[in-house]
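Asks: Pasting a structure here, questions to come.
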Amino acid sequence: MWYNVDGDSMDRIIFHIDVNNAFLSWSAIDLLINGFKEDIRNYDAVIGGDESRRAGIVLAKSMGAKKKGIITGETLYSARKKCPGLKVYPPNYYVYQTKSNSLFTLLSKYTPDIEIFSIDECFIDYGKVKKLYGDELIFANKLKDEIQEKLGFTVNIGLGNNKLCAKMASDFLKPNMIHTLFNDEIKDKMWSLPIEELFGIGKKTSTKLRGLNINTIGDLANADFDKLAPYFKNQTIKMINAANGKDGSPVISEQVESKGISNSTTLDHDLKTSEEIYKVLHVIADNLCTALREQHRYACVVVVILKDRYFKSYSHQMKLNNGTNITSEVFGISKKLLDEMWNLEPIRLVGIRLDNLVKEVNYQMSLFESNEDRTKVSKLDKTVDDLKIKYGHNVIGNAYLKDDNIIKKY
DNA sequence: TCTGGGGTCCTAGGACCC
DNA sequence: TCTGGGGTCCTAGGACCC
């Protein structure tokens, strides 16, 4: 997390650029390109998950839907109750990635100092290029308009002396707006906001804070450290700094490799037998290992994640002596982990996370295995990967999984 | 008809070693 | 027979973000 006070300084100028209703805007543009007559941004519309797979939640909403009180993350069922005429469209992640890339490409004309924060958000260290482009507000306005003109969607841009303030600023009033939250504006513009608006303060923490009669960001900014410390331990100082708009974390433009990758799926019905769960684990293990092999990376930790019908989640993990990206190995470990952890309660979600990723393995054979076997399975994976590259990801799968209805949903 | 999927970071407790 | 800390590594779970 980036509330790091060291390095915070007045003379930095940071932009936070945030696409307005990203998924919905991007889907709207894509639909228009494909001959759709209406712009779904002008309806009461949402991008939503697949209800038949029990993934029916709101991922993004139009301004109209927002006005009806629909919030991101709520069930489509509940959203429809608020807005009976609601239109629901499925997400298209391929389109989103393309639009996202087009935004970052446009921005990189101006500066290499861009930190990609998520698919629809980034930070720019404007201080470093100010002498090239001049006044930050004038530039921000031009940039905002250029994005709308060339890419067809709107953004909010927040300006501050650090990333935290820039991010808070871009969130003020939407859409298509520019806001500043410089150090001398923190009291006036941020302290009156309710505590849950502060970045990093979620539901659990805000409930606890309100219980301590801390209701606004200003209350937290001026809170007594010793009073809060027993409740929030090491987080206390970070929270108080954040409420004071202090953050020294740098804009990091190099793409850092992820520390782990995961894949999980909510099933369309609860699974009740190991055999059913194994099949899902196998597909997931293959997805993840294929991705790792593409990146030439290896996992040293395998985690199996389950959610039961009450939405309670469980995990079980194993650290490996040797990193692996071999599907059959990860699948084998996952099965073992499942067998150890599963209490036979019906399962709603199955996932695997591969962690502690490394670039190379110095493979050390255990006493009883032969390196030949390992080379063989590795080669098999490679052959499958090559076929996938040549003919597409769906042409080949494990025969074990063929014609299985779990896979169709996947 | 409650509640996606992919991440990061933190905490607490246990094992183990010195 | 009972009793120490300190440090590190590992695991499970939680909180938060988009």
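How things are named: the first chain in the structure tokens is A, the next is B, and so on; residues count from 1 in each chain; ligands count from 1 in the order shown.
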Can you list every residue of chain A that has an atom at most 7 Å from chain B, with its nearest atom pair and the distance in Å to one decimal, using only C-alpha atoms (C1' of nucleotides), ordered by chain then number, as a tab-separated table?
Replies:
residue	atom	partner	partner_atom	distance
A:Met1	CA	B:DC9	C1'	6.8
A:Gly49	CA	B:DG4	C1'	6.9
A:Ala55	CA	B:DG4	C1'	5.7
A:Thr75	CA	B:DC2	C1'	6.7
A:Tyr77	CA	B:DT1	C1'	6.7
A:Ser262	CA	B:DG6	C1'	6.8
A:Ser264	CA	B:DG5	C1'	6.9
Asks: Using only C-alpha atoms (C1' of nucleotides), which residues sit within 12 Å of Phe232 in chain A once same-chain residues fewer than 6 positions away are excluded, as a PyMOL selection string?
Replies: (chain A and resi 201+204-206+208-209+212+225-226+238-240) or (chain B and resi 10-11) or (chain C and resi 15)
Asks: When DSSP is applied to the backbone of this structure, which of range 113-349 of chain A are assigned alpha helix (DSSP H)? Write them out as a ChimeraX atom specification.
Replies: /A:130-133,136-151,163-170,186-190,203-211,217-221,225-232,235-243,274-295,327-341
Asks: Name the residues of range 44-237 of chain A that fall into strand (DSSP E) according to DSSP on the backbone, using the chain letters and numbers of this document, as an MDAnalysis selection string.
Replies: chainID A and resid 45:48 58:61 87:89 114:118 121:125 155:160 178:181
Asks: Just write the chosen residues, N, CA and C atoms, as a PDB file, in the first residue's frame.
Replies:
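This went into selection.pdb:
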ATOM      1  N   ALA A  45     -28.764   1.447 -17.949  1.00  0.00           N
ATOM      2  CA  ALA A  45     -28.114   0.205 -18.369  1.00  0.00           C
ATOM      3  C   ALA A  45     -26.973  -0.159 -17.425  1.00  0.00           C
ATOM      4  N   VAL A  46     -26.701  -1.450 -17.351  1.00  0.00           N
ATOM      5  CA  VAL A  46     -25.538  -1.908 -16.583  1.00  0.00           C
ATOM      6  C   VAL A  46     -24.803  -3.002 -17.356  1.00  0.00           C
ATOM      7  N   ILE A  47     -23.530  -3.152 -17.037  1.00  0.00           N
ATOM      8  CA  ILE A  47     -22.788  -4.346 -17.442  1.00  0.00           C
ATOM      9  C   ILE A  47     -22.894  -5.295 -16.262  1.00  0.00           C
ATOM     10  N   GLY A  48     -23.318  -6.527 -16.550  1.00  0.00           N
ATOM     11  CA  GLY A  48     -23.544  -7.446 -15.440  1.00  0.00           C
ATOM     12  C   GLY A  48     -23.036  -8.841 -15.736  1.00  0.00           C
ATOM     13  N   VAL A  58     -23.752  -6.337 -10.648  1.00  0.00           N
ATOM     14  CA  VAL A  58     -23.506  -5.147 -11.466  1.00  0.00           C
ATOM     15  C   VAL A  58     -22.009  -4.853 -11.480  1.00  0.00           C
ATOM     16  N   LEU A  59     -21.418  -4.831 -12.683  1.00  0.00           N
ATOM     17  CA  LEU A  59     -19.991  -4.535 -12.821  1.00  0.00           C
ATOM     18  C   LEU A  59     -19.768  -3.067 -13.161  1.00  0.00           C
ATOM     19  N   ALA A  60     -20.731  -2.457 -13.843  1.00  0.00           N
ATOM     20  CA  ALA A  60     -20.633  -1.035 -14.175  1.00  0.00           C
ATOM     21  C   ALA A  60     -22.025  -0.540 -14.501  1.00  0.00           C
ATOM     22  N   LYS A  61     -22.254   0.765 -14.299  1.00  0.00           N
ATOM     23  CA  LYS A  61     -23.599   1.300 -14.493  1.00  0.00           C
ATOM     24  C   LYS A  61     -23.547   2.604 -15.276  1.00  0.00           C
ATOM     25  N   LYS A  87     -31.574  -2.275 -18.639  1.00  0.00           N
ATOM     26  CA  LYS A  87     -30.957  -3.135 -19.668  1.00  0.00           C
ATOM     27  C   LYS A  87     -29.643  -3.677 -19.119  1.00  0.00           C
ATOM     28  N   VAL A  88     -29.427  -4.971 -19.333  1.00  0.00           N
ATOM     29  CA  VAL A  88     -28.205  -5.613 -18.820  1.00  0.00           C
ATOM     30  C   VAL A  88     -27.392  -6.160 -19.984  1.00  0.00           C
ATOM     31  N   TYR A  89     -26.124  -5.811 -20.036  1.00  0.00           N
ATOM     32  CA  TYR A  89     -25.240  -6.295 -21.102  1.00  0.00           C
ATOM     33  C   TYR A  89     -24.075  -7.063 -20.485  1.00  0.00           C
ATOM     34  N   ILE A 114       4.172   6.806 -16.490  1.00  0.00           N
ATOM     35  CA  ILE A 114       2.780   6.426 -16.280  1.00  0.00           C
ATOM     36  C   ILE A 114       2.754   5.166 -15.431  1.00  0.00           C
ATOM     37  N   GLU A 115       2.018   5.223 -14.355  1.00  0.00           N
ATOM     38  CA  GLU A 115       1.823   4.009 -13.556  1.00  0.00           C
ATOM     39  C   GLU A 115       0.418   3.479 -13.821  1.00  0.00           C
ATOM     40  N   ILE A 116       0.358   2.315 -14.435  1.00  0.00           N
ATOM     41  CA  ILE A 116      -0.943   1.706 -14.706  1.00  0.00           C
ATOM     42  C   ILE A 116      -1.446   1.081 -13.411  1.00  0.00           C
ATOM     43  N   PHE A 117      -2.562   1.590 -12.934  1.00  0.00           N
ATOM     44  CA  PHE A 117      -3.045   1.177 -11.614  1.00  0.00           C
ATOM     45  C   PHE A 117      -4.110   0.098 -11.724  1.00  0.00           C
ATOM     46  N   SER A 118      -4.878   0.148 -12.801  1.00  0.00           N
ATOM     47  CA  SER A 118      -5.843  -0.914 -13.080  1.00  0.00           C
ATOM     48  C   SER A 118      -6.209  -0.762 -14.543  1.00  0.00           C
ATOM     49  N   GLU A 121      -7.396   2.950 -14.954  1.00  0.00           N
ATOM     50  CA  GLU A 121      -6.859   4.018 -14.112  1.00  0.00           C
ATOM     51  C   GLU A 121      -5.350   4.080 -14.216  1.00  0.00           C
ATOM     52  N   CYS A 122      -4.822   5.291 -14.177  1.00  0.00           N
ATOM     53  CA  CYS A 122      -3.369   5.389 -14.076  1.00  0.00           C
ATOM     54  C   CYS A 122      -2.959   6.697 -13.412  1.00  0.00           C
ATOM     55  N   PHE A 123      -1.699   6.742 -13.013  1.00  0.00           N
ATOM     56  CA  PHE A 123      -1.100   7.949 -12.467  1.00  0.00           C
ATOM     57  C   PHE A 123      -0.041   8.458 -13.442  1.00  0.00           C
ATOM     58  N   ILE A 124       0.085   9.773 -13.493  1.00  0.00           N
ATOM     59  CA  ILE A 124       1.147  10.387 -14.289  1.00  0.00           C
ATOM     60  C   ILE A 124       1.920  11.333 -13.381  1.00  0.00           C
ATOM     61  N   ASP A 125       3.230  11.301 -13.486  1.00  0.00           N
ATOM     62  CA  ASP A 125       4.060  12.228 -12.736  1.00  0.00           C
ATOM     63  C   ASP A 125       4.245  13.471 -13.599  1.00  0.00           C
ATOM     64  N   VAL A 155     -13.096  10.847 -19.290  1.00  0.00           N
ATOM     65  CA  VAL A 155     -12.327  10.509 -18.084  1.00  0.00           C
ATOM     66  C   VAL A 155     -12.481  11.629 -17.063  1.00  0.00           C
ATOM     67  N   ASN A 156     -12.222  11.297 -15.817  1.00  0.00           N
ATOM     68  CA  ASN A 156     -11.985  12.302 -14.799  1.00  0.00           C
ATOM     69  C   ASN A 156     -10.486  12.366 -14.558  1.00  0.00           C
ATOM     70  N   ILE A 157      -9.993  13.572 -14.352  1.00  0.00           N
ATOM     71  CA  ILE A 157      -8.582  13.699 -13.994  1.00  0.00           C
ATOM     72  C   ILE A 157      -8.487  14.416 -12.656  1.00  0.00           C
ATOM     73  N   GLY A 158      -7.768  13.793 -11.737  1.00  0.00           N
ATOM     74  CA  GLY A 158      -7.532  14.405 -10.430  1.00  0.00           C
ATOM     75  C   GLY A 158      -6.094  14.859 -10.335  1.00  0.00           C
ATOM     76  N   LEU A 159      -5.890  16.047  -9.783  1.00  0.00           N
ATOM     77  CA  LEU A 159      -4.538  16.580  -9.623  1.00  0.00           C
ATOM     78  C   LEU A 159      -4.233  16.766  -8.148  1.00  0.00           C
ATOM     79  N   GLY A 160      -3.042  16.365  -7.754  1.00  0.00           N
ATOM     80  CA  GLY A 160      -2.647  16.552  -6.361  1.00  0.00           C
ATOM     81  C   GLY A 160      -1.146  16.558  -6.247  1.00  0.00           C
ATOM     82  N   ILE A 178     -12.436  17.728 -14.162  1.00  0.00           N
ATOM     83  CA  ILE A 178     -11.092  17.845 -13.609  1.00  0.00           C
ATOM     84  C   ILE A 178     -11.194  18.465 -12.230  1.00  0.00           C
ATOM     85  N   HIS A 179     -10.510  17.857 -11.255  1.00  0.00           N
ATOM     86  CA  HIS A 179     -10.525  18.412  -9.904  1.00  0.00           C
ATOM     87  C   HIS A 179      -9.103  18.449  -9.371  1.00  0.00           C
ATOM     88  N   THR A 180      -8.869  19.387  -8.473  1.00  0.00           N
ATOM     89  CA  THR A 180      -7.565  19.421  -7.805  1.00  0.00           C
ATOM     90  C   THR A 180      -7.763  19.135  -6.323  1.00  0.00           C
ATOM     91  N   LEU A 181      -6.751  18.530  -5.750  1.00  0.00           N
ATOM     92  CA  LEU A 181      -6.709  18.376  -4.295  1.00  0.00           C
ATOM     93  C   LEU A 181      -5.245  18.544  -3.895  1.00  0.00           C
TER      94      LEU A 181
END
